[in-house]
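Report on one structure; see the data block that follows.
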Amino acid sequence: MAGPTRAEGHPDYSSSSSAGFIPEIWSGKMIEKLYARTCYGEIANTDYEGEIKQKGDTVQIRTTPSITIRDYEVGGGLTYEKPTSDKVELQIDQAKYFAFEVNDVDAYQADIKLMDDWSDDAGQQMKIHIDTNLLGKHYADAAAENSGSGAGAKSGSYDLGEAGAPVGITRDNILDVLVDCGSVLDEQNVPEESRYVILPAWMNGMLKKSDLRDASVMGDSTSVFRNGKVGMLDRFAVFISNNLSIVNDETAGKPATNVFFGHKKGLTFASQMTNMETLPNPTDFGKLVRGLNVFGSKVIDPDAVGHLYAARG
């Protein structure tokens, strides 16, 4: 039996029953899928997510104080200090939303689970926006010793590129450059576990053409479809992303990419689906579905993040 006619621009979804919409459950599904689809879920810690209720909230982060080591002298007594923990504030200053309608006829006749399918797509679109936000700004928060032509807290001997003079990446030198990035973190005493580097697609291509040859030796052959993770290299979990910041470097005469690398302790991220609801559609039979995701991010340990300014060699 034919269904009702449809106004121009209103899609048709075929027949059977769709799952009901429960805001709390759908909100949880949305966040779960969001983290599963992102590299920021892998490179940033969420230790301070806390209770976020709306955009404008502030999450208080206590930093670990440095304890003083003193010389001991027999009979000389001990000096006790009172460690103070400075607070770092994480501002929840970003907000993204989605909104769509579900017609009652569609909800009744659909042979696909509309909410699941649309939550997948909403999660993917939200990922792009948040990834672009994080990767497009936090490279600039790296410690001065972790970027530039004289990087290295101890040696100052690593060239990670600077405006007008990006590091030229080729299949012959990409492994050396990535090892240098690891050495920069070594000179900051950054732990070896939970390190990451995020590469643009063109650098990942160079990596595959390098002496590494077989990209499969880097491990996880399926995760690249999930969150951009390619595998492990010199203690780095290697990710690819199209959301890194690209600069048209006129002095160098070529576009350059701001490659972000570091350790998970360096960047913190907090996100919350603060609103997820349905409303009666005032102009049609059906529901209006909308969701609001608020988030914030901050580099809380600049020594644990680095910046490679790179271009094709």
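Please note that chains go A, B, ... in the order of the structure tokens, that every chain numbers its residues from 1, and that ligands are numbered from 1 in the order shown.
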
* Distance query segment 278-288 of chain A at most 7 Å, only C-alpha atoms, self and fewer than 4 positions along chain excluded, as a PyMOL selection string -> chain A and resi 100-104

Write a file of the just-selected residues containing N, CA and C atoms, as a short mmCIF file (atom, residue, chain, number, x, y, z; two decimals), in the first residue's frame.
data_model
loop_
_atom_site.label_atom_id
_atom_site.label_comp_id
_atom_site.auth_asym_id
_atom_site.auth_seq_id
_atom_site.Cartn_x
_atom_site.Cartn_y
_atom_site.Cartn_z
N PHE A 100 17.45 17.77 14.11
CA PHE A 100 16.79 17.22 12.92
C PHE A 100 15.37 16.80 13.29
N GLU A 101 14.58 16.51 12.29
CA GLU A 101 13.20 16.12 12.53
C GLU A 101 12.97 14.67 12.15
N VAL A 102 12.06 14.03 12.84
CA VAL A 102 11.63 12.67 12.53
C VAL A 102 10.12 12.70 12.37
N ASN A 103 9.66 12.41 11.19
CA ASN A 103 8.23 12.40 10.93
C ASN A 103 7.60 11.13 11.50
N ASP A 104 6.40 11.23 12.02
CA ASP A 104 5.73 10.07 12.62
C ASP A 104 5.58 8.94 11.60
#

* Hey, what's within 12 Å of Asp234 of chain A if we count only C-alpha atoms and toss same-chain stuff fewer than 6 positions away? As a ChimeraX atom specification, please? -> /A:175-183,185-186,192-197,212,218

Those selected residues, please, written with N, CA and C atoms and delivered as a tab-separated table (two decimals), in the first residue's frame.
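Saved as out_12.tsv:
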chain	number	residue	atom	x	y	z
A	175	LEU	N	61.65	9.06	8.91
A	175	LEU	CA	61.90	8.28	10.12
A	175	LEU	C	62.85	9.02	11.05
A	176	ASP	N	63.88	9.66	10.49
A	176	ASP	CA	64.82	10.42	11.31
A	176	ASP	C	64.12	11.58	12.00
A	177	VAL	N	63.22	12.26	11.29
A	177	VAL	CA	62.50	13.39	11.87
A	177	VAL	C	61.62	12.94	13.03
A	178	LEU	N	60.93	11.82	12.85
A	178	LEU	CA	60.06	11.32	13.92
A	178	LEU	C	60.88	10.85	15.13
A	179	VAL	N	62.04	10.28	14.88
A	179	VAL	CA	62.92	9.91	15.98
A	179	VAL	C	63.38	11.16	16.72
A	180	ASP	N	63.65	12.25	15.98
A	180	ASP	CA	64.03	13.51	16.63
A	180	ASP	C	62.90	14.02	17.52
A	181	CYS	N	61.67	13.87	17.07
A	181	CYS	CA	60.52	14.28	17.90
A	181	CYS	C	60.52	13.50	19.21
A	182	GLY	N	60.79	12.19	19.12
A	182	GLY	CA	60.88	11.38	20.33
A	182	GLY	C	62.02	11.82	21.23
A	183	SER	N	63.15	12.20	20.63
A	183	SER	CA	64.30	12.64	21.42
A	183	SER	C	64.00	13.96	22.14
A	185	LEU	N	61.12	14.82	23.35
A	185	LEU	CA	60.36	14.43	24.55
A	185	LEU	C	61.28	13.77	25.57
A	186	ASP	N	62.26	13.00	25.10
A	186	ASP	CA	63.22	12.37	26.02
A	186	ASP	C	63.95	13.43	26.84
A	192	GLU	N	57.72	7.23	28.38
A	192	GLU	CA	57.70	6.61	27.05
A	192	GLU	C	56.33	6.05	26.69
A	193	GLU	N	55.56	5.64	27.69
A	193	GLU	CA	54.23	5.11	27.42
A	193	GLU	C	53.26	6.26	27.14
A	194	SER	N	52.26	5.98	26.31
A	194	SER	CA	51.18	6.92	26.00
A	194	SER	C	51.65	8.13	25.19
A	195	ARG	N	52.72	7.97	24.43
A	195	ARG	CA	53.12	9.03	23.50
A	195	ARG	C	52.34	8.89	22.20
A	196	TYR	N	52.18	9.99	21.49
A	196	TYR	CA	51.46	9.98	20.23
A	196	TYR	C	52.07	10.99	19.27
A	197	VAL	N	51.84	10.79	17.99
A	197	VAL	CA	52.13	11.78	16.96
A	197	VAL	C	51.00	11.71	15.94
A	212	LEU	N	60.64	1.96	6.28
A	212	LEU	CA	59.71	1.13	7.04
A	212	LEU	C	59.06	0.10	6.11
A	218	MET	N	53.50	-1.86	11.69
A	218	MET	CA	53.15	-0.91	12.74
A	218	MET	C	51.96	-1.38	13.56

Given only C-alpha atoms, how would the per-residue table for segment 144-187 of chain A near segment 294-303 of chain A read, listing every residue at most 12 Å away with its closest atom pair and distance in Å to one decimal, sorted by chain and number, as JSON lines?
{"residue": "A:Ala144", "atom": "CA", "partner": "A:Asp303", "partner_atom": "CA", "distance": 8.5}
{"residue": "A:Glu145", "atom": "CA", "partner": "A:Asp303", "partner_atom": "CA", "distance": 7.9}
{"residue": "A:Asn146", "atom": "CA", "partner": "A:Asp303", "partner_atom": "CA", "distance": 7.1}
{"residue": "A:Ser147", "atom": "CA", "partner": "A:Asp303", "partner_atom": "CA", "distance": 10.5}
{"residue": "A:Ala151", "atom": "CA", "partner": "A:Asp303", "partner_atom": "CA", "distance": 11.7}
{"residue": "A:Gly152", "atom": "CA", "partner": "A:Asp303", "partner_atom": "CA", "distance": 10.6}
{"residue": "A:Ala153", "atom": "CA", "partner": "A:Asp303", "partner_atom": "CA", "distance": 9.2}
{"residue": "A:Val184", "atom": "CA", "partner": "A:Asp303", "partner_atom": "CA", "distance": 9.6}
{"residue": "A:Leu185", "atom": "CA", "partner": "A:Asp303", "partner_atom": "CA", "distance": 7.8}
{"residue": "A:Asp186", "atom": "CA", "partner": "A:Asp303", "partner_atom": "CA", "distance": 10.4}
{"residue": "A:Glu187", "atom": "CA", "partner": "A:Asp303", "partner_atom": "CA", "distance": 9.6}

Once you have the residues from the selection above, write them out as a PDB file, in the first residue's frame, restricted to C-alpha atoms.
ATOM      1  CA  ALA A 144      59.546  26.621  23.599  1.00  0.00           C
ATOM      2  CA  GLU A 145      62.125  23.814  23.882  1.00  0.00           C
ATOM      3  CA  ASN A 146      59.751  21.436  22.066  1.00  0.00           C
ATOM      4  CA  SER A 147      59.500  23.373  18.798  1.00  0.00           C
ATOM      5  CA  ALA A 151      64.445  22.226  19.873  1.00  0.00           C
ATOM      6  CA  GLY A 152      65.703  20.091  22.736  1.00  0.00           C
ATOM      7  CA  ALA A 153      65.657  21.144  26.387  1.00  0.00           C
ATOM      8  CA  VAL A 184      62.813  16.082  22.147  1.00  0.00           C
ATOM      9  CA  LEU A 185      60.364  14.433  24.545  1.00  0.00           C
ATOM     10  CA  ASP A 186      63.219  12.372  26.020  1.00  0.00           C
ATOM     11  CA  GLU A 187      65.069  15.570  26.899  1.00  0.00           C
TER      12      GLU A 187
END

What are the closest atom pairs, with distances in Å to one decimal, for each residue of segment 189-212 of chain A lying within 10 Å of segment 156-173 of chain A, using only C-alpha atoms, rows by chain and rising residue number, as CSV?
residue,atom,partner,partner_atom,distance
A:Trp202,CA,A:Ile169,CA,9.7
A:Met203,CA,A:Ile169,CA,7.5
A:Asn204,CA,A:Arg171,CA,9.9
A:Gly205,CA,A:Arg171,CA,8.5
A:Met206,CA,A:Arg171,CA,4.9
A:Leu207,CA,A:Arg171,CA,6.4
A:Lys208,CA,A:Arg171,CA,8.1
A:Lys209,CA,A:Arg171,CA,5.8
A:Ser210,CA,A:Arg171,CA,4.5
A:Asp211,CA,A:Asp172,CA,7.4
A:Leu212,CA,A:Arg171,CA,9.5

* Distance query Ile92 of chain A at most 10 Å, only C-alpha atoms, self and fewer than 6 positions along chain excluded, as a list in words ->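 Near Ile92 of chain A, the qualifying residues are Glu49, Ile52, Lys53, Gln54, Lys55, Gly56, Asp57, Thr58, Val59, Phe269, Ala270, Ser271, Gln272, Val294, Phe295, Gly296, Ser297 and Lys298 of chain A.
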
* To do: Would you please extract all alpha helix (DSSP H) residues from segment 122-297 of chain A, as assigned by DSSP on the backbone, and give them as a ChimeraX atom specification?
  => /A:122-135,174-186,201-209,224-227

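Between atom CA of Ala304 of chain A and atom CA of Arg235 of chain A the interatomic distance comes to 14.0 Å.
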